[in-house]
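Chemist: The following file, data-v7.txt, comprises compact mmCIF, N, CA and C atoms:
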```
# COMPACT_ATOMS: atom_id res chain seq x y z
N MET A 1 96.11 104.44 114.54
CA MET A 1 96.94 103.87 113.50
C MET A 1 96.90 104.74 112.25
N HIS A 2 95.73 105.32 111.98
CA HIS A 2 95.60 106.16 110.80
C HIS A 2 96.55 107.36 110.88
N GLN A 3 96.60 107.98 112.06
CA GLN A 3 97.50 109.13 112.23
C GLN A 3 98.95 108.73 112.09
N ALA A 4 99.30 107.56 112.60
CA ALA A 4 100.68 107.09 112.48
C ALA A 4 101.03 106.85 111.02
N LEU A 5 100.11 106.25 110.26
CA LEU A 5 100.35 106.02 108.84
C LEU A 5 100.48 107.34 108.09
N GLN A 6 99.63 108.31 108.41
CA GLN A 6 99.72 109.62 107.76
C GLN A 6 101.08 110.26 108.05
N ARG A 7 101.51 110.17 109.30
CA ARG A 7 102.82 110.75 109.67
C ARG A 7 103.94 110.05 108.93
N PHE A 8 103.87 108.73 108.85
CA PHE A 8 104.90 107.96 108.15
C PHE A 8 104.93 108.33 106.67
N ASP A 9 103.76 108.37 106.02
CA ASP A 9 103.70 108.72 104.60
C ASP A 9 104.19 110.14 104.36
N ALA A 10 103.86 111.07 105.25
CA ALA A 10 104.33 112.45 105.11
C ALA A 10 105.86 112.50 105.21
N ARG A 11 106.42 111.70 106.11
CA ARG A 11 107.87 111.67 106.23
C ARG A 11 108.52 111.09 104.98
N VAL A 12 107.92 110.04 104.43
CA VAL A 12 108.44 109.44 103.20
C VAL A 12 108.42 110.48 102.07
N LEU A 13 107.31 111.19 101.92
CA LEU A 13 107.23 112.21 100.86
C LEU A 13 108.26 113.32 101.10
N PHE A 14 108.45 113.72 102.34
CA PHE A 14 109.46 114.74 102.65
C PHE A 14 110.85 114.26 102.24
N LEU A 15 111.17 113.03 102.62
CA LEU A 15 112.49 112.48 102.26
C LEU A 15 112.65 112.40 100.74
N MET A 16 111.60 112.05 100.05
CA MET A 16 111.67 111.97 98.59
C MET A 16 111.85 113.35 97.97
N SER A 17 111.27 114.36 98.60
CA SER A 17 111.42 115.72 98.07
C SER A 17 112.85 116.22 98.19
N ARG A 18 113.62 115.60 99.08
CA ARG A 18 115.02 115.99 99.29
C ARG A 18 116.01 115.05 98.61
N ASN A 19 115.50 114.01 97.95
CA ASN A 19 116.37 113.01 97.32
C ASN A 19 116.85 113.51 95.96
N GLU A 20 118.15 113.57 95.78
CA GLU A 20 118.73 114.07 94.54
C GLU A 20 118.48 113.14 93.35
N ASP A 21 118.14 111.88 93.62
CA ASP A 21 117.88 110.93 92.54
C ASP A 21 116.46 111.02 92.00
N VAL A 22 115.59 111.74 92.71
CA VAL A 22 114.22 111.93 92.23
C VAL A 22 114.27 113.06 91.20
N PRO A 23 113.64 112.86 90.03
CA PRO A 23 113.62 113.94 89.04
C PRO A 23 113.14 115.25 89.66
N LEU A 24 113.78 116.35 89.28
CA LEU A 24 113.54 117.65 89.91
C LEU A 24 112.07 118.03 89.91
N ALA A 25 111.38 117.82 88.81
CA ALA A 25 109.96 118.19 88.75
C ALA A 25 109.15 117.44 89.80
N LEU A 26 109.44 116.15 89.98
CA LEU A 26 108.71 115.37 90.98
C LEU A 26 109.10 115.77 92.39
N SER A 27 110.37 116.05 92.61
CA SER A 27 110.80 116.47 93.94
C SER A 27 110.16 117.82 94.28
N ASN A 28 110.01 118.69 93.29
CA ASN A 28 109.33 119.98 93.53
C ASN A 28 107.85 119.77 93.85
N LEU A 29 107.21 118.84 93.15
CA LEU A 29 105.80 118.52 93.46
C LEU A 29 105.67 118.01 94.89
N ALA A 30 106.59 117.14 95.30
CA ALA A 30 106.56 116.60 96.67
C ALA A 30 106.81 117.72 97.68
N ALA A 31 107.77 118.58 97.40
CA ALA A 31 108.11 119.66 98.34
C ALA A 31 106.97 120.65 98.48
N ARG A 32 106.20 120.87 97.43
CA ARG A 32 105.09 121.82 97.48
C ARG A 32 103.79 121.18 97.98
N GLY A 33 103.85 119.91 98.32
CA GLY A 33 102.66 119.24 98.85
C GLY A 33 101.67 118.83 97.79
N CYS A 34 102.08 118.81 96.53
CA CYS A 34 101.19 118.39 95.45
C CYS A 34 101.03 116.87 95.40
N LEU A 35 102.01 116.17 95.94
CA LEU A 35 101.92 114.72 96.04
C LEU A 35 101.43 114.39 97.43
N SER A 36 100.56 113.41 97.50
CA SER A 36 99.99 113.05 98.80
C SER A 36 100.14 111.56 99.04
N ALA A 37 99.68 111.15 100.19
CA ALA A 37 99.71 109.73 100.52
C ALA A 37 98.93 108.92 99.50
N SER A 38 97.91 109.49 98.90
CA SER A 38 97.16 108.75 97.89
C SER A 38 98.02 108.42 96.68
N HIS A 39 98.98 109.28 96.35
CA HIS A 39 99.89 108.97 95.24
C HIS A 39 100.84 107.83 95.61
N ILE A 40 101.07 107.68 96.89
CA ILE A 40 101.91 106.57 97.35
C ILE A 40 101.22 105.24 97.06
N HIS A 41 99.89 105.24 97.01
CA HIS A 41 99.16 104.00 96.70
C HIS A 41 99.62 103.40 95.38
N ILE A 42 99.83 104.24 94.40
CA ILE A 42 100.29 103.72 93.10
C ILE A 42 101.69 103.14 93.27
N THR A 43 102.54 103.87 93.98
CA THR A 43 103.91 103.41 94.18
C THR A 43 103.94 102.08 94.93
N ARG A 44 103.10 101.94 95.94
CA ARG A 44 103.09 100.72 96.74
C ARG A 44 102.46 99.53 96.02
N HIS A 45 101.47 99.79 95.19
CA HIS A 45 100.63 98.71 94.69
C HIS A 45 100.78 98.36 93.21
N LEU A 46 101.49 99.17 92.45
CA LEU A 46 101.68 98.87 91.04
C LEU A 46 102.76 97.81 90.88
N ALA A 47 102.40 96.69 90.29
CA ALA A 47 103.36 95.60 90.08
C ALA A 47 104.42 96.04 89.07
N LEU A 48 105.64 95.54 89.23
CA LEU A 48 106.72 95.90 88.31
C LEU A 48 106.38 95.55 86.87
N GLU A 49 105.68 94.45 86.66
CA GLU A 49 105.29 94.06 85.30
C GLU A 49 104.05 94.80 84.80
N GLY A 50 103.50 95.65 85.67
CA GLY A 50 102.31 96.41 85.31
C GLY A 50 101.06 95.80 85.91
N SER A 51 100.02 96.59 85.96
CA SER A 51 98.75 96.14 86.53
C SER A 51 97.60 96.78 85.75
N ARG A 52 96.50 96.08 85.72
CA ARG A 52 95.27 96.69 85.20
C ARG A 52 94.73 97.64 86.26
N LEU A 53 93.97 98.62 85.81
CA LEU A 53 93.41 99.62 86.72
C LEU A 53 92.58 98.95 87.82
N THR A 54 91.77 97.97 87.46
CA THR A 54 90.93 97.31 88.46
C THR A 54 91.78 96.58 89.50
N GLU A 55 92.89 95.95 89.08
CA GLU A 55 93.79 95.27 90.02
C GLU A 55 94.44 96.29 90.96
N LEU A 56 94.89 97.38 90.39
CA LEU A 56 95.56 98.42 91.16
C LEU A 56 94.61 99.02 92.20
N ALA A 57 93.40 99.30 91.78
CA ALA A 57 92.40 99.86 92.70
C ALA A 57 92.08 98.88 93.83
N ALA A 58 91.95 97.61 93.49
CA ALA A 58 91.63 96.60 94.51
C ALA A 58 92.76 96.48 95.52
N ARG A 59 94.01 96.46 95.05
CA ARG A 59 95.16 96.34 95.97
C ARG A 59 95.25 97.54 96.91
N ALA A 60 94.89 98.71 96.40
CA ALA A 60 94.97 99.94 97.19
C ALA A 60 93.70 100.19 97.99
N ASN A 61 92.70 99.33 97.81
CA ASN A 61 91.41 99.48 98.49
C ASN A 61 90.77 100.82 98.16
N MET A 62 90.78 101.14 96.87
CA MET A 62 90.19 102.38 96.38
C MET A 62 89.19 102.05 95.28
N SER A 63 88.33 103.01 94.98
CA SER A 63 87.41 102.82 93.86
C SER A 63 88.19 102.90 92.55
N LYS A 64 87.66 102.28 91.53
CA LYS A 64 88.29 102.33 90.21
C LYS A 64 88.36 103.78 89.71
N GLN A 65 87.33 104.56 90.00
CA GLN A 65 87.29 105.95 89.54
C GLN A 65 88.38 106.79 90.23
N ALA A 66 88.53 106.61 91.55
CA ALA A 66 89.55 107.37 92.28
C ALA A 66 90.95 106.97 91.81
N MET A 67 91.16 105.68 91.61
CA MET A 67 92.47 105.23 91.14
C MET A 67 92.72 105.74 89.73
N GLY A 68 91.67 105.78 88.90
CA GLY A 68 91.82 106.30 87.55
C GLY A 68 92.32 107.74 87.54
N LYS A 69 91.81 108.55 88.46
CA LYS A 69 92.27 109.95 88.55
C LYS A 69 93.73 110.02 88.99
N LEU A 70 94.11 109.17 89.93
CA LEU A 70 95.51 109.16 90.36
C LEU A 70 96.43 108.72 89.22
N VAL A 71 96.00 107.71 88.49
CA VAL A 71 96.80 107.23 87.36
C VAL A 71 96.94 108.34 86.32
N GLU A 72 95.87 109.07 86.05
CA GLU A 72 95.95 110.18 85.09
C GLU A 72 96.97 111.23 85.54
N GLN A 73 96.96 111.57 86.84
CA GLN A 73 97.94 112.53 87.35
C GLN A 73 99.35 111.99 87.20
N CYS A 74 99.54 110.75 87.61
CA CYS A 74 100.88 110.15 87.53
C CYS A 74 101.34 109.99 86.09
N GLU A 75 100.40 109.77 85.19
CA GLU A 75 100.74 109.69 83.77
C GLU A 75 101.18 111.06 83.26
N ALA A 76 100.48 112.12 83.68
CA ALA A 76 100.85 113.48 83.28
C ALA A 76 102.22 113.86 83.83
N TRP A 77 102.59 113.35 84.97
CA TRP A 77 103.88 113.64 85.58
C TRP A 77 104.99 112.73 85.05
N GLY A 78 104.64 111.77 84.20
CA GLY A 78 105.65 110.90 83.61
C GLY A 78 106.05 109.70 84.44
N LEU A 79 105.28 109.40 85.50
CA LEU A 79 105.61 108.26 86.35
C LEU A 79 105.15 106.93 85.75
N VAL A 80 104.01 106.94 85.09
CA VAL A 80 103.44 105.72 84.54
C VAL A 80 102.95 105.98 83.12
N THR A 81 102.72 104.90 82.42
CA THR A 81 102.10 104.97 81.10
C THR A 81 101.15 103.78 80.97
N ARG A 82 100.27 103.86 80.01
CA ARG A 82 99.34 102.76 79.76
C ARG A 82 99.74 102.07 78.46
N LEU A 83 99.81 100.75 78.53
CA LEU A 83 100.16 99.94 77.37
C LEU A 83 99.06 98.92 77.11
N ALA A 84 98.99 98.45 75.87
CA ALA A 84 98.03 97.39 75.55
C ALA A 84 98.38 96.14 76.36
N ASP A 85 97.37 95.45 76.82
CA ASP A 85 97.56 94.21 77.58
C ASP A 85 97.66 93.06 76.59
N ALA A 86 98.77 92.35 76.64
CA ALA A 86 99.00 91.24 75.71
C ALA A 86 97.99 90.11 75.89
N ARG A 87 97.42 89.98 77.10
CA ARG A 87 96.47 88.88 77.36
C ARG A 87 95.05 89.23 76.98
N ASP A 88 94.74 90.53 76.86
CA ASP A 88 93.37 90.96 76.57
C ASP A 88 93.43 92.26 75.77
N ALA A 89 93.05 92.18 74.51
CA ALA A 89 93.16 93.35 73.62
C ALA A 89 92.28 94.51 74.08
N ARG A 90 91.25 94.22 74.87
CA ARG A 90 90.37 95.30 75.35
C ARG A 90 90.96 96.04 76.54
N ALA A 91 91.91 95.43 77.21
CA ALA A 91 92.43 95.99 78.46
C ALA A 91 93.74 96.75 78.24
N ARG A 92 94.05 97.61 79.21
CA ARG A 92 95.31 98.35 79.22
C ARG A 92 96.01 98.04 80.53
N ARG A 93 97.33 97.99 80.48
CA ARG A 93 98.14 97.79 81.68
C ARG A 93 98.85 99.10 82.01
N ILE A 94 98.88 99.41 83.27
CA ILE A 94 99.59 100.58 83.75
C ILE A 94 100.98 100.10 84.17
N VAL A 95 102.01 100.74 83.65
CA VAL A 95 103.38 100.35 83.95
C VAL A 95 104.20 101.60 84.32
N PHE A 96 105.23 101.37 85.12
CA PHE A 96 106.15 102.46 85.44
C PHE A 96 106.95 102.83 84.20
N THR A 97 107.22 104.12 84.03
CA THR A 97 108.16 104.61 83.03
C THR A 97 109.56 104.55 83.64
N ALA A 98 110.57 104.94 82.89
CA ALA A 98 111.93 105.01 83.45
C ALA A 98 111.97 105.99 84.61
N VAL A 99 111.28 107.12 84.47
CA VAL A 99 111.20 108.10 85.56
C VAL A 99 110.47 107.48 86.75
N GLY A 100 109.41 106.74 86.46
CA GLY A 100 108.66 106.07 87.52
C GLY A 100 109.49 105.05 88.27
N LEU A 101 110.36 104.35 87.56
CA LEU A 101 111.24 103.38 88.22
C LEU A 101 112.25 104.09 89.12
N SER A 102 112.72 105.27 88.71
CA SER A 102 113.60 106.08 89.57
C SER A 102 112.83 106.52 90.82
N TRP A 103 111.60 106.92 90.62
CA TRP A 103 110.73 107.30 91.73
C TRP A 103 110.55 106.12 92.69
N LEU A 104 110.31 104.93 92.14
CA LEU A 104 110.11 103.74 92.95
C LEU A 104 111.36 103.43 93.77
N GLN A 105 112.53 103.57 93.18
CA GLN A 105 113.78 103.33 93.91
C GLN A 105 113.95 104.35 95.04
N ALA A 106 113.65 105.60 94.76
CA ALA A 106 113.73 106.64 95.79
C ALA A 106 112.71 106.39 96.89
N PHE A 107 111.54 105.89 96.51
CA PHE A 107 110.51 105.55 97.48
C PHE A 107 111.02 104.47 98.43
N GLY A 108 111.64 103.44 97.88
CA GLY A 108 112.19 102.37 98.71
C GLY A 108 113.22 102.89 99.70
N ALA A 109 114.08 103.77 99.23
CA ALA A 109 115.11 104.35 100.11
C ALA A 109 114.47 105.22 101.20
N ALA A 110 113.44 105.98 100.84
CA ALA A 110 112.76 106.84 101.81
C ALA A 110 112.03 106.01 102.86
N VAL A 111 111.39 104.92 102.42
CA VAL A 111 110.70 104.04 103.37
C VAL A 111 111.71 103.42 104.33
N ALA A 112 112.84 102.96 103.82
CA ALA A 112 113.87 102.36 104.67
C ALA A 112 114.38 103.38 105.70
N GLN A 113 114.58 104.62 105.27
CA GLN A 113 115.05 105.64 106.20
C GLN A 113 113.98 105.97 107.24
N ALA A 114 112.72 106.10 106.81
CA ALA A 114 111.64 106.39 107.75
C ALA A 114 111.46 105.25 108.75
N GLU A 115 111.62 104.01 108.30
CA GLU A 115 111.54 102.87 109.21
C GLU A 115 112.69 102.90 110.22
N ALA A 116 113.88 103.25 109.77
CA ALA A 116 115.03 103.35 110.68
C ALA A 116 114.81 104.46 111.70
N GLU A 117 114.24 105.57 111.27
CA GLU A 117 113.94 106.67 112.19
C GLU A 117 112.90 106.25 113.21
N PHE A 118 111.90 105.50 112.78
CA PHE A 118 110.87 104.99 113.69
C PHE A 118 111.51 104.08 114.73
N ARG A 119 112.36 103.17 114.25
CA ARG A 119 113.04 102.23 115.15
C ARG A 119 113.89 103.00 116.17
N ALA A 120 114.59 104.04 115.73
CA ALA A 120 115.41 104.84 116.64
C ALA A 120 114.55 105.62 117.64
N ALA A 121 113.38 106.07 117.21
CA ALA A 121 112.51 106.87 118.08
C ALA A 121 111.84 106.03 119.16
N VAL A 122 111.42 104.81 118.82
CA VAL A 122 110.66 104.00 119.79
C VAL A 122 111.47 102.87 120.39
N GLY A 123 112.63 102.60 119.84
CA GLY A 123 113.46 101.51 120.32
C GLY A 123 113.23 100.24 119.51
N ALA A 124 114.25 99.42 119.47
CA ALA A 124 114.20 98.20 118.65
C ALA A 124 113.12 97.24 119.10
N GLN A 125 112.95 97.07 120.42
CA GLN A 125 111.95 96.11 120.90
C GLN A 125 110.54 96.54 120.54
N VAL A 126 110.21 97.80 120.76
CA VAL A 126 108.88 98.30 120.43
C VAL A 126 108.64 98.21 118.92
N ALA A 127 109.64 98.59 118.13
CA ALA A 127 109.50 98.53 116.67
C ALA A 127 109.25 97.10 116.20
N THR A 128 109.92 96.14 116.82
CA THR A 128 109.72 94.73 116.46
C THR A 128 108.31 94.29 116.82
N VAL A 129 107.83 94.67 117.99
CA VAL A 129 106.47 94.32 118.41
C VAL A 129 105.44 94.94 117.46
N VAL A 130 105.65 96.20 117.09
CA VAL A 130 104.73 96.86 116.15
C VAL A 130 104.73 96.13 114.82
N ALA A 131 105.90 95.79 114.30
CA ALA A 131 105.99 95.08 113.02
C ALA A 131 105.29 93.73 113.08
N ILE A 132 105.50 92.99 114.16
CA ILE A 132 104.85 91.69 114.31
C ILE A 132 103.33 91.87 114.39
N GLY A 133 102.91 92.86 115.15
CA GLY A 133 101.47 93.13 115.27
C GLY A 133 100.83 93.51 113.94
N LEU A 134 101.51 94.34 113.18
CA LEU A 134 100.97 94.75 111.87
C LEU A 134 100.92 93.59 110.90
N GLU A 135 101.94 92.74 110.93
CA GLU A 135 101.93 91.55 110.07
C GLU A 135 100.78 90.62 110.43
N ALA A 136 100.55 90.43 111.73
CA ALA A 136 99.45 89.56 112.17
C ALA A 136 98.10 90.17 111.79
N TYR A 137 98.00 91.49 111.92
CA TYR A 137 96.74 92.18 111.59
C TYR A 137 96.45 92.12 110.10
N ALA A 138 97.49 92.20 109.28
CA ALA A 138 97.33 92.18 107.82
C ALA A 138 96.94 90.81 107.30
N ALA A 139 97.26 89.77 108.03
CA ALA A 139 97.01 88.39 107.56
C ALA A 139 95.57 87.98 107.64
```
Using structure tokens, write down the structure from this file.
Modeler:
Amino acid sequence: MHQALQRFDARVLFLMSRNEDVPLALSNLAARGCLSASHIHITRHLALEGSRLTELAARANMSKQAMGKLVEQCEAWGLVTRLADARDARARRIVFTAVGLSWLQAFGAAVAQAEAEFRAAVGAQVATVVAIGLEAYAA
């Protein structure tokens, strides 16, 4: 399963590197292999309203330190920013920037295309069984 996920994530990053709606600098990073599946964790797990670092790390099943490094990279690339948390003055929320929201939209399109390619490669019945199995496993 790990190899299948790696292949799927690599395909998603490849598709994003070719997407004209992804900002050129980010598409170049993806094309050169500077973005990895670990960067997808932020894309998959950051809530639209923003998340605290500890929440983001927990959702991605990563350490707070590792997620902090990813957030710093994504912040330097303009995907996310840190804002004061209205509920707790000591905390900061990580939120998508406008560029990050464009990235998120391109990510959704790339995932949909990769899923369609998977379905075409293995057939609709097998793809449905895999989806049902993964949903049951995740629960």
Chemist: Output as a VMD selection string all residues of range 9-126 of chain A that backbone DSSP marks as alpha helix (DSSP H).
Modeler: chain A and resid 9 to 17 24 to 31 37 to 45 53 to 60 64 to 76 98 to 122 124 to 126
Chemist: Counting all atoms listed in the file, which of A:Arg18, A:His39, A:Arg93, A:Arg7 gets nearest to Leu53 in chain A?
Modeler: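 Among the listed residues, the smallest separation from Leu53 in chain A belongs to A:Arg93.
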Chemist: Quick one: of A:Leu29, A:Leu104, A:Ala89, A:Ala110, who's nearest to Arg44 in chain A, counting only C-alpha atoms?
Modeler: A:Leu104
Chemist: For the atom pair CA of Ala136 in chain A and CA of Met1 in chain A, what is the interatomic distance in Å to one decimal place?
Modeler: 14.6 Å
Chemist: As an exercise, work out the distance from CA of Gln113 in chain A to CA of Val126 in chain A in Å and give it to one decimal place.
Modeler: 17.2 Å
Chemist: With distances taken over all atoms listed in the file, which residue among A:Leu134, A:His41, A:Ala66, A:Gly78 lies nearest Leu101 in chain A?
Modeler: A:Gly78
Chemist: Considering only C-alpha atoms, state which residue in the set A:Thr54, A:Arg119, A:Ala10, A:Asn19 is at the smallest distance from Ala131 in chain A.
Modeler: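 Once distances to Ala131 in chain A are computed over only C-alpha atoms, the minimum belongs to A:Arg119.
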Chemist: Please report the interatomic distance between CA of Val71 in chain A and CA of Ala91 in chain A in Å with one decimal.
Modeler: 15.0 Å
Chemist: Which parts of range 58-128 of chain A does DSSP call strand (DSSP E or B) when run on the backbone here, written out as a ChimeraX atom specification?
Modeler: /A:80-85,88-96
Chemist: Find the residues with any atom within 7 Å of (104.8, 104.7, 86.0); use all atoms listed in the file and the coordinates as given in the file, and write the answer as a ChimeraX atom specification.
Modeler: /A:74-75,78-81,94-101
